[in-house]
file work33.txt (compact mmCIF, C-alpha atoms and all ligand atoms)
# COMPACT_ATOMS: atom_id res chain seq x y z
CA MET W 1044 89.51 103.13 51.72
CA THR W 1045 86.34 103.85 53.66
CA GLU W 1046 88.31 103.21 56.84
CA ILE W 1047 90.76 105.96 55.92
CA ILE W 1048 88.04 108.43 55.01
CA LYS W 1049 86.27 107.74 58.27
CA ARG W 1050 89.35 108.34 60.37
CA ARG W 1051 90.17 111.69 58.80
CA PRO W 1052 89.83 114.52 61.30
CA LYS W 1053 86.84 116.65 60.45
CA TYR W 1054 87.80 119.70 62.42
CA LEU W 1055 90.64 122.13 62.77
CA ASN W 1056 91.89 121.87 66.29
CA LEU W 1057 93.93 125.01 66.68
CA VAL W 1058 96.11 123.37 69.28
CA GLU W 1059 96.93 120.32 67.18
CA ILE W 1060 97.46 121.68 63.70
CA LYS W 1061 100.69 123.42 62.91
CA LEU W 1062 99.65 126.91 61.97
CA PRO W 1063 101.94 128.79 59.60
CA LEU W 1064 103.46 131.93 61.03
CA ALA W 1065 101.30 134.18 58.86
CA GLY W 1066 98.20 132.37 60.12
CA PHE W 1067 99.31 132.95 63.69
CA ALA W 1068 99.84 136.64 63.02
CA SER W 1069 96.40 136.81 61.38
CA ILE W 1070 94.64 135.26 64.35
CA LEU W 1071 96.37 137.76 66.59
CA HIS W 1072 95.12 140.53 64.32
CA ARG W 1073 91.59 139.34 65.04
CA VAL W 1074 92.26 138.88 68.76
CA SER W 1075 93.78 142.36 69.02
CA GLY W 1076 90.87 143.90 67.10
CA ILE W 1077 88.27 142.39 69.40
CA GLY W 1078 90.34 143.27 72.47
CA LEU W 1079 90.53 146.92 71.43
CA PHE W 1080 86.81 146.93 70.74
CA LEU W 1081 85.95 145.47 74.15
CA MET W 1082 88.16 147.99 75.94
CA LEU W 1083 86.86 151.07 74.10
CA PRO W 1084 84.78 152.24 77.09
CA LEU W 1085 87.90 152.23 79.27
CA LEU W 1086 89.92 154.10 76.64
CA ILE W 1087 87.24 156.75 76.09
CA TRP W 1088 86.89 157.17 79.86
CA LEU W 1089 90.65 157.74 80.15
CA LEU W 1090 90.46 160.27 77.31
CA GLN W 1091 87.68 162.02 79.18
CA LEU W 1092 89.70 162.15 82.40
CA SER W 1093 92.66 163.54 80.49
CA LEU W 1094 90.69 166.45 79.06
CA ALA W 1095 87.70 167.31 81.27
CA SER W 1096 89.57 169.46 83.83
CA ALA W 1097 92.89 169.90 85.60
CA GLU W 1098 91.47 167.89 88.53
CA SER W 1099 90.37 164.98 86.35
CA PHE W 1100 93.84 165.06 84.74
CA GLU W 1101 95.23 164.39 88.24
CA THR W 1102 92.67 161.61 88.73
CA LEU W 1103 93.95 160.08 85.49
CA SER W 1104 97.48 159.86 86.89
CA ALA W 1105 96.12 158.08 89.95
CA VAL W 1106 94.03 155.67 87.87
CA VAL W 1107 96.92 154.85 85.56
CA ALA W 1108 99.20 154.29 88.55
CA HIS W 1109 97.10 151.26 89.54
CA PRO W 1110 98.95 148.02 88.63
CA LEU W 1111 95.85 146.39 87.13
CA VAL W 1112 95.20 149.39 84.89
CA LYS W 1113 98.87 149.37 83.89
CA LEU W 1114 98.60 145.71 82.95
CA ILE W 1115 95.48 146.30 80.86
CA LEU W 1116 97.09 149.29 79.15
CA LEU W 1117 100.19 147.24 78.43
CA GLY W 1118 97.98 144.60 76.78
CA LEU W 1119 96.12 147.25 74.80
CA LEU W 1120 99.40 148.82 73.74
CA TRP W 1121 100.52 145.52 72.28
CA ALA W 1122 97.07 144.97 70.73
CA PHE W 1123 97.16 148.34 68.99
CA LEU W 1124 100.75 147.94 67.80
CA HIS W 1125 100.18 144.44 66.48
CA HIS W 1126 96.87 145.41 64.86
CA PHE W 1127 98.48 148.51 63.35
CA CYS W 1128 101.52 146.70 61.91
CA MET W 1129 99.47 143.74 60.69
CA GLY W 1130 96.91 146.16 59.22
CA ILE W 1131 99.64 147.87 57.20
CA ARG W 1132 100.86 144.47 56.02
CA ILE W 1133 97.35 143.49 54.89
CA LEU W 1134 96.91 146.80 53.06
CA LEU W 1135 100.26 146.37 51.29
CA ILE W 1136 99.36 142.84 50.23
CA ASP W 1137 96.03 144.22 48.94
CA VAL W 1138 97.96 146.48 46.58
CA GLN W 1139 100.13 143.54 45.50
CA ILE W 1140 103.19 144.39 47.58
CA GLY W 1141 104.81 141.42 49.30
CA VAL W 1142 102.47 138.76 47.94
CA GLU W 1143 105.17 136.15 47.22
CA LYS W 1144 105.23 133.34 49.76
CA GLU W 1145 108.73 134.10 51.02
CA GLN W 1146 108.05 137.81 51.40
CA ALA W 1147 104.69 137.20 53.06
CA ARG W 1148 106.38 134.90 55.56
CA ALA W 1149 109.11 137.40 56.27
CA SER W 1150 106.65 140.28 56.73
CA ALA W 1151 104.49 138.23 59.12
CA LYS W 1152 107.61 137.54 61.16
CA ALA W 1153 108.54 141.22 61.05
CA VAL W 1154 105.07 142.25 62.25
CA LEU W 1155 105.25 139.90 65.23
CA ALA W 1156 108.77 141.04 66.12
CA VAL W 1157 108.33 144.78 65.57
CA SER W 1158 105.09 145.00 67.56
CA LEU W 1159 106.61 143.07 70.46
CA ALA W 1160 109.76 145.21 70.42
CA LEU W 1161 107.78 148.46 70.32
CA THR W 1162 105.54 147.19 73.13
CA ALA W 1163 108.64 146.52 75.21
CA VAL W 1164 110.12 149.97 74.54
CA LEU W 1165 106.90 151.93 75.08
CA GLY W 1166 105.73 149.58 77.82
CA LEU W 1167 108.82 150.22 79.93
CA LYS W 1168 108.04 153.91 79.62
CA LEU W 1169 104.46 153.26 80.72
CA LEU W 1170 105.73 151.29 83.71
CA GLY W 1171 107.98 154.22 84.55
CA ALA W 1172 111.27 152.43 83.98
CA TYR W 1173 112.72 155.54 82.33
CA MET S 761 64.21 127.53 50.93
CA ASN S 762 67.06 127.55 53.34
CA ARG S 763 68.27 131.13 53.35
CA ILE S 764 70.91 132.21 55.80
CA VAL S 765 70.05 135.53 57.39
CA VAL S 766 73.07 137.79 57.58
CA GLY S 767 71.57 141.12 56.61
CA ALA S 768 71.85 142.92 53.32
CA HIS S 769 74.40 144.75 51.15
CA TYR S 770 77.48 143.25 52.81
CA GLY S 771 80.52 142.51 50.71
CA LEU S 772 82.77 144.63 48.56
CA LYS S 773 81.53 147.91 50.01
CA ASP S 774 82.40 146.86 53.56
CA TRP S 775 85.74 145.48 52.45
CA LEU S 776 86.51 148.91 50.98
CA VAL S 777 85.17 150.76 54.03
CA GLN S 778 87.48 148.75 56.25
CA ARG S 779 90.47 149.65 54.07
CA VAL S 780 89.66 153.35 53.85
CA THR S 781 89.01 153.65 57.59
CA ALA S 782 92.22 151.70 58.29
CA VAL S 783 94.26 154.14 56.19
CA VAL S 784 92.64 157.15 57.88
CA MET S 785 93.38 155.71 61.35
CA ALA S 786 96.97 154.94 60.39
CA LEU S 787 97.43 158.53 59.15
CA TYR S 788 95.91 159.91 62.36
CA THR S 789 98.29 157.74 64.37
CA LEU S 790 101.25 159.21 62.49
CA LEU S 791 99.86 162.72 62.91
CA MET S 792 99.65 162.24 66.67
CA ILE S 793 103.11 160.71 66.87
CA VAL S 794 104.39 163.95 65.34
CA ALA S 795 102.04 166.34 67.16
CA VAL S 796 102.06 165.05 70.74
CA PRO S 797 105.80 165.61 71.38
CA THR S 798 105.38 169.25 70.22
CA ALA S 799 102.80 169.93 72.93
CA ALA S 800 103.79 171.52 76.22
CA GLY S 801 103.68 169.09 79.15
CA GLY S 802 100.89 168.74 81.68
CA TYR S 803 97.17 169.35 81.45
CA ASP S 804 97.32 172.77 79.75
CA GLY S 805 99.60 171.62 76.95
CA TRP S 806 97.55 168.52 76.29
CA ARG S 807 94.31 170.47 76.28
CA ALA S 808 95.72 173.14 73.98
CA LEU S 809 96.86 170.46 71.54
CA MET S 810 93.53 168.65 71.49
CA SER S 811 91.51 171.84 71.07
CA HIS S 812 93.56 173.01 68.08
CA GLY S 813 91.19 173.24 65.11
CA LEU S 814 93.11 170.86 62.87
CA ILE S 815 93.63 168.26 65.57
CA ARG S 816 90.00 168.47 66.62
CA PHE S 817 88.87 167.96 63.03
CA ALA S 818 91.24 165.00 62.60
CA SER S 819 90.19 163.49 65.93
CA PHE S 820 86.54 163.64 64.95
CA VAL S 821 87.23 161.95 61.62
CA PHE S 822 89.30 159.34 63.50
CA ILE S 823 86.45 158.63 65.94
CA VAL S 824 83.94 158.14 63.15
CA CYS S 825 86.33 155.93 61.19
CA LEU S 826 87.20 153.87 64.26
CA CYS S 827 83.57 153.15 65.03
CA TYR S 828 82.70 152.30 61.43
CA HIS S 829 85.84 150.10 61.16
CA ALA S 830 85.05 148.30 64.40
CA TRP S 831 81.45 147.79 63.29
CA VAL S 832 82.52 146.02 60.09
CA GLY S 833 85.24 144.04 61.84
CA VAL S 834 83.27 142.91 64.87
CA ARG S 835 80.23 142.08 62.75
CA ASP S 836 82.43 139.84 60.57
CA ILE S 837 83.60 138.06 63.70
CA TRP S 838 80.04 137.45 64.94
CA MET S 839 79.16 136.12 61.47
CA ASP S 840 82.06 133.68 61.62
CA TYR S 841 81.46 132.21 65.06
CA VAL S 842 77.85 132.74 66.12
CA LYS S 843 75.58 130.41 64.19
CA PRO S 844 72.10 130.79 65.77
CA THR S 845 70.52 133.61 63.77
CA ALA S 846 68.61 135.21 66.64
CA VAL S 847 71.67 135.39 68.89
CA ARG S 848 73.78 136.77 66.08
CA LEU S 849 71.32 139.49 65.18
CA ILE S 850 71.06 140.52 68.82
CA LEU S 851 74.85 140.75 69.02
CA HIS S 852 74.90 142.80 65.81
CA ALA S 853 72.37 145.21 67.27
CA LEU S 854 74.20 145.53 70.60
CA THR S 855 77.50 146.13 68.81
CA LEU S 856 75.98 148.81 66.61
CA LEU S 857 74.26 150.57 69.51
CA ALA S 858 77.43 150.49 71.63
CA LEU S 859 79.53 151.95 68.81
CA VAL S 860 77.03 154.73 68.05
CA GLY S 861 77.10 155.60 71.75
CA TYR S 862 80.92 155.54 71.89
CA ALA S 863 81.08 157.84 68.85
CA GLY S 864 78.82 160.37 70.55
CA TRP S 865 80.62 160.11 73.89
CA ALA S 866 84.12 160.50 72.43
CA THR S 867 83.06 163.32 70.10
CA GLN S 868 81.51 165.23 72.96
CA ILE S 869 84.80 164.99 74.91
CA ILE S 870 86.86 166.64 72.17
CA TRP S 871 84.17 169.01 70.90
CA ARG S 872 83.54 170.66 74.26
CA LEU S 873 87.12 171.88 74.54
C1 LIG P 1 95.71 152.37 62.70
C2 LIG P 1 94.75 151.65 63.07
C3 LIG P 1 94.18 150.43 62.36
C4 LIG P 1 94.53 149.83 61.17
C5 LIG P 1 95.63 150.21 60.19
C6 LIG P 1 93.62 148.69 61.01
C7 LIG P 1 93.61 147.82 59.92
C8 LIG P 1 92.71 146.80 59.73
C9 LIG P 1 92.53 146.06 58.51
C10 LIG P 1 93.32 146.27 57.21
C11 LIG P 1 91.56 145.12 58.73
C12 LIG P 1 91.02 144.11 57.72
C13 LIG P 1 91.58 142.76 57.96
C14 LIG P 1 91.16 141.76 56.92
O1 LIG P 1 90.29 142.04 56.11
O2 LIG P 1 91.71 140.65 56.97
C15 LIG P 1 91.12 145.27 60.09
C16 LIG P 1 90.18 144.47 60.72
C17 LIG P 1 89.68 144.70 61.99
N1 LIG P 1 89.96 145.78 62.81
FE1 LIG P 1 91.36 147.18 62.44
N2 LIG P 1 92.77 148.62 62.08
C18 LIG P 1 93.08 149.68 62.93
C19 LIG P 1 92.46 150.00 64.12
C20 LIG P 1 91.47 149.25 64.73
C21 LIG P 1 90.86 149.55 66.00
C22 LIG P 1 91.22 150.75 66.88
C23 LIG P 1 89.94 148.56 66.25
C24 LIG P 1 89.02 148.33 67.42
C25 LIG P 1 88.33 149.19 68.04
C26 LIG P 1 89.98 147.64 65.13
C27 LIG P 1 89.20 146.50 65.03
C28 LIG P 1 89.23 145.62 63.97
C29 LIG P 1 88.48 144.40 63.92
C30 LIG P 1 87.57 143.83 65.01
C31 LIG P 1 88.76 143.81 62.67
C32 LIG P 1 88.23 142.49 62.13
C33 LIG P 1 89.29 141.44 62.26
C34 LIG P 1 88.96 140.16 61.57
O3 LIG P 1 87.98 140.10 60.80
O4 LIG P 1 89.71 139.20 61.76
N3 LIG P 1 90.91 148.09 64.23
N4 LIG P 1 91.84 146.30 60.70
call {"tool": "encode", "arguments": {"input": "work33.txt", "output": "structure tokens", "more": "lines below"}}
Ligand code: HEM
result
Amino acid sequence: MTEIIKRRPKYLNLVEIKLPLAGFASILHRVSGIGLFLMLPLLIWLLQLSLASAESFETLSAVVAHPLVKLILLGLLWAFLHHFCMGIRILLIDVQIGVEKEQARASAKAVLAVSLALTAVLGLKLLGAY
Amino acid sequence: MNRIVVGAHYGLKDWLVQRVTAVVMALYTLLMIVAVPTAAGGYDGWRALMSHGLIRFASFVFIVCLCYHAWVGVRDIWMDYVKPTAVRLILHALTLLALVGYAGWATQIIWRL
């Protein structure tokens, strides 16, 4: 008995445990929130370039044309979309909508899928594909 | 006594603040999804949109909500992962100062228009 107790893992290794889908979506909600927070200075700077003057508006186009900036913006686009969709899901569950296990699973799946699909659609636009 | 220092008055109020600010930000997002396509293209159209009284008012409310929301959210994250009290309190202070600064900076951008 003591042997068994001793050998029990005492930690949650995120790589080893099998996280339910909703747990995965939740962690990404946290990751996206912190990512948006860390990139706020960049976003506010871009807002400033877009509005300060006609010249700075041109500068903005040049800045956004840089591949690295595009990549970061693509990441932030996904972060916002995932955080937004997951946020709505959390708020709905708070008011008792979709609390059942099956529904909660389905909505977590929907959040992951919808935010990725929207990122693809809007991201291609950002990359100038259409 | 082995008290854990986290600060004071956290709990239900912050939970509610995070919900209210989340709803406000979601509504602002929808407003912009509707409003932006109505604007004329280029710098002039974008500037005209953002300096419209209603949009400016909504943008200011959005900025305040975003910073308050991020403050509650990021502080929760520090509380979860950063155990040494001194380090955590320093991170709390830096987060708060940064967000207050961002709020002023962003507000100034839209209010000058
Ligand atoms: C429409 C916009 C947004 C909505 C609907 C939204 C919704 C939410 C909700 C409901 C929570 C609470 C999660 C919980 O208690 O489990 C939350 C947490 C959080 N949000 Fe947002 N949010 C939005 C925008 C943002 C933005 C722009 C930022 C960053 C600057 C942000 C950063 C965070 C952070 C850091 C947390 C804490 C996450 C955690 O504790 O795991 N949110 N959000």
call {"tool": "interface_residues", "arguments": {"input": "work33.txt", "of": "chain W", "to": "chain S", "cutoff": "8 Å", "atoms": "all atoms listed in the file", "output": "PDB file with C-alpha atoms, keeping the file's coordinate frame"}}
result
ATOM      1  CA  GLY W1076      90.870 143.900  67.100  1.00  0.00           C
ATOM      2  CA  ILE W1077      88.270 142.390  69.400  1.00  0.00           C
ATOM      3  CA  PHE W1080      86.810 146.930  70.740  1.00  0.00           C
ATOM      4  CA  LEU W1083      86.860 151.070  74.100  1.00  0.00           C
ATOM      5  CA  PRO W1084      84.780 152.240  77.090  1.00  0.00           C
ATOM      6  CA  ILE W1087      87.240 156.750  76.090  1.00  0.00           C
ATOM      7  CA  LEU W1090      90.460 160.270  77.310  1.00  0.00           C
ATOM      8  CA  GLN W1091      87.680 162.020  79.180  1.00  0.00           C
ATOM      9  CA  SER W1093      92.660 163.540  80.490  1.00  0.00           C
ATOM     10  CA  LEU W1094      90.690 166.450  79.060  1.00  0.00           C
ATOM     11  CA  ALA W1095      87.700 167.310  81.270  1.00  0.00           C
ATOM     12  CA  SER W1096      89.570 169.460  83.830  1.00  0.00           C
ATOM     13  CA  ALA W1097      92.890 169.900  85.600  1.00  0.00           C
ATOM     14  CA  PHE W1100      93.840 165.060  84.740  1.00  0.00           C
ATOM     15  CA  PHE W1127      98.480 148.510  63.350  1.00  0.00           C
ATOM     16  CA  GLY W1130      96.910 146.160  59.220  1.00  0.00           C
ATOM     17  CA  LEU W1134      96.910 146.800  53.060  1.00  0.00           C
TER      18      LEU W1134
END
call {"tool": "atom_distance", "arguments": {"input": "work33.txt", "atom1": "atom CA of Gly805 of chain S", "atom2": "atom C4 of ligand LIG 1 (chain P)"}}
result
27.4 Å
call {"tool": "closest_atom_pairs", "arguments": {"input": "work33.txt", "of": "chain W", "to": "ligand LIG 1 (chain P)", "cutoff": "9 Å", "atoms": "only C-alpha atoms and all ligand atoms", "output": "Markdown table"}}
result
| residue | atom | partner | partner_atom | distance |
| --- | --- | --- | --- | --- |
| W:Ser1069 | CA | P:LIG1 | O4 | 7.1 |
| W:Ile1070 | CA | P:LIG1 | O4 | 6.8 |
| W:Leu1071 | CA | P:LIG1 | O4 | 8.4 |
| W:His1072 | CA | P:LIG1 | O4 | 6.1 |
| W:Arg1073 | CA | P:LIG1 | O4 | 3.8 |
| W:Val1074 | CA | P:LIG1 | O4 | 7.5 |
| W:Ser1075 | CA | P:LIG1 | C27 | 7.4 |
| W:Gly1076 | CA | P:LIG1 | C27 | 3.7 |
| W:Ile1077 | CA | P:LIG1 | C30 | 4.7 |
| W:Gly1078 | CA | P:LIG1 | C24 | 7.3 |
| W:Leu1079 | CA | P:LIG1 | C24 | 4.5 |
| W:Phe1080 | CA | P:LIG1 | C25 | 3.8 |
| W:Leu1081 | CA | P:LIG1 | C25 | 7.5 |
| W:Met1082 | CA | P:LIG1 | C25 | 8.0 |
| W:Leu1083 | CA | P:LIG1 | C25 | 6.5 |
| W:Phe1123 | CA | P:LIG1 | C22 | 6.7 |
| W:Leu1124 | CA | P:LIG1 | C1 | 8.4 |
| W:His1126 | CA | P:LIG1 | N2 | 5.9 |
| W:Phe1127 | CA | P:LIG1 | C5 | 4.6 |
| W:Cys1128 | CA | P:LIG1 | C5 | 7.1 |
| W:Met1129 | CA | P:LIG1 | C7 | 7.2 |
| W:Gly1130 | CA | P:LIG1 | C7 | 3.8 |
| W:Ile1131 | CA | P:LIG1 | C5 | 5.5 |
| W:Arg1132 | CA | P:LIG1 | C10 | 7.8 |
| W:Ile1133 | CA | P:LIG1 | C10 | 5.4 |
| W:Leu1134 | CA | P:LIG1 | C10 | 5.5 |
| W:Asp1137 | CA | P:LIG1 | C10 | 8.9 |
call {"tool": "atom_distance", "arguments": {"input": "work33.txt", "atom1": "atom CA of Val1107 of chain W", "atom2": "atom CA of Leu1119 of chain W"}}
result
13.2 Å
call {"tool": "atom_distance", "arguments": {"input": "work33.txt", "atom1": "atom CA of Phe822 of chain S", "atom2": "atom CA of Leu1089 of chain W"}}
result
16.8 Å
call {"tool": "residues_around", "arguments": {"input": "work33.txt", "residues": "Leu1116 of chain W", "least_positions_apart": "6", "cutoff": "10 Å", "atoms": "only C-alpha atoms", "output": "list in words"}}
result
Met1082, Leu1085, Leu1086, Val1107, Pro1110, Ala1122, Gly1166, Leu1169 and Leu1170 of chain W
call {"tool": "write_last_selection", "arguments": {"input": "work33.txt", "atoms": "C-alpha atoms", "output": "JSON list (two decimals), in the frame of the given file"}}
result
[["chain", "number", "residue", "atom", "x", "y", "z"],
["W", 1082, "MET", "CA", 88.16, 147.99, 75.94],
["W", 1085, "LEU", "CA", 87.90, 152.23, 79.27],
["W", 1086, "LEU", "CA", 89.92, 154.10, 76.64],
["W", 1107, "VAL", "CA", 96.92, 154.85, 85.56],
["W", 1110, "PRO", "CA", 98.95, 148.02, 88.63],
["W", 1122, "ALA", "CA", 97.07, 144.97, 70.73],
["W", 1166, "GLY", "CA", 105.73, 149.58, 77.82],
["W", 1169, "LEU", "CA", 104.46, 153.26, 80.72],
["W", 1170, "LEU", "CA", 105.73, 151.29, 83.71]]
call {"tool": "closest_residue", "arguments": {"input": "work33.txt", "among": "S:Val824, S:Leu809, S:Ala846, S:Leu856", "to": "Val777 of chain S", "atoms": "only C-alpha atoms"}}
result
S:Val824
call {"tool": "axis_aligned_box", "arguments": {"input": "work33.txt", "around": "segment 1094-1104 of chain W", "padding_each_side": "8 Å", "output": "AutoDock Vina command-line options"}}
result
--center_x 92.6 --center_y 164.9 --center_z 83.9 --size_x 25.8 --size_y 26.0 --size_z 25.7
call {"tool": "residues_near_point", "arguments": {"input": "work33.txt", "point": "(104.1, 131.4, 62.7)", "cutoff": "9 Å", "atoms": "only C-alpha atoms", "output": "number ranges by chain"}}
result
W: 1061-1068, 1148, 1151-1152, 1155
call {"tool": "residues_around", "arguments": {"input": "work33.txt", "residues": "Leu1167 of chain W", "least_positions_apart": "3", "cutoff": "12 Å", "atoms": "all atoms listed in the file", "output": "PDB file with C-alpha atoms, in the coordinates of the input"}}
result
ATOM      1  CA  LYS W1113      98.870 149.370  83.890  1.00  0.00           C
ATOM      2  CA  LEU W1114      98.600 145.710  82.950  1.00  0.00           C
ATOM      3  CA  LEU W1116      97.090 149.290  79.150  1.00  0.00           C
ATOM      4  CA  LEU W1117     100.190 147.240  78.430  1.00  0.00           C
ATOM      5  CA  LEU W1120      99.400 148.820  73.740  1.00  0.00           C
ATOM      6  CA  ALA W1160     109.760 145.210  70.420  1.00  0.00           C
ATOM      7  CA  LEU W1161     107.780 148.460  70.320  1.00  0.00           C
ATOM      8  CA  THR W1162     105.540 147.190  73.130  1.00  0.00           C
ATOM      9  CA  ALA W1163     108.640 146.520  75.210  1.00  0.00           C
ATOM     10  CA  VAL W1164     110.120 149.970  74.540  1.00  0.00           C
ATOM     11  CA  LEU W1170     105.730 151.290  83.710  1.00  0.00           C
ATOM     12  CA  GLY W1171     107.980 154.220  84.550  1.00  0.00           C
ATOM     13  CA  ALA W1172     111.270 152.430  83.980  1.00  0.00           C
ATOM     14  CA  TYR W1173     112.720 155.540  82.330  1.00  0.00           C
TER      15      TYR W1173
END
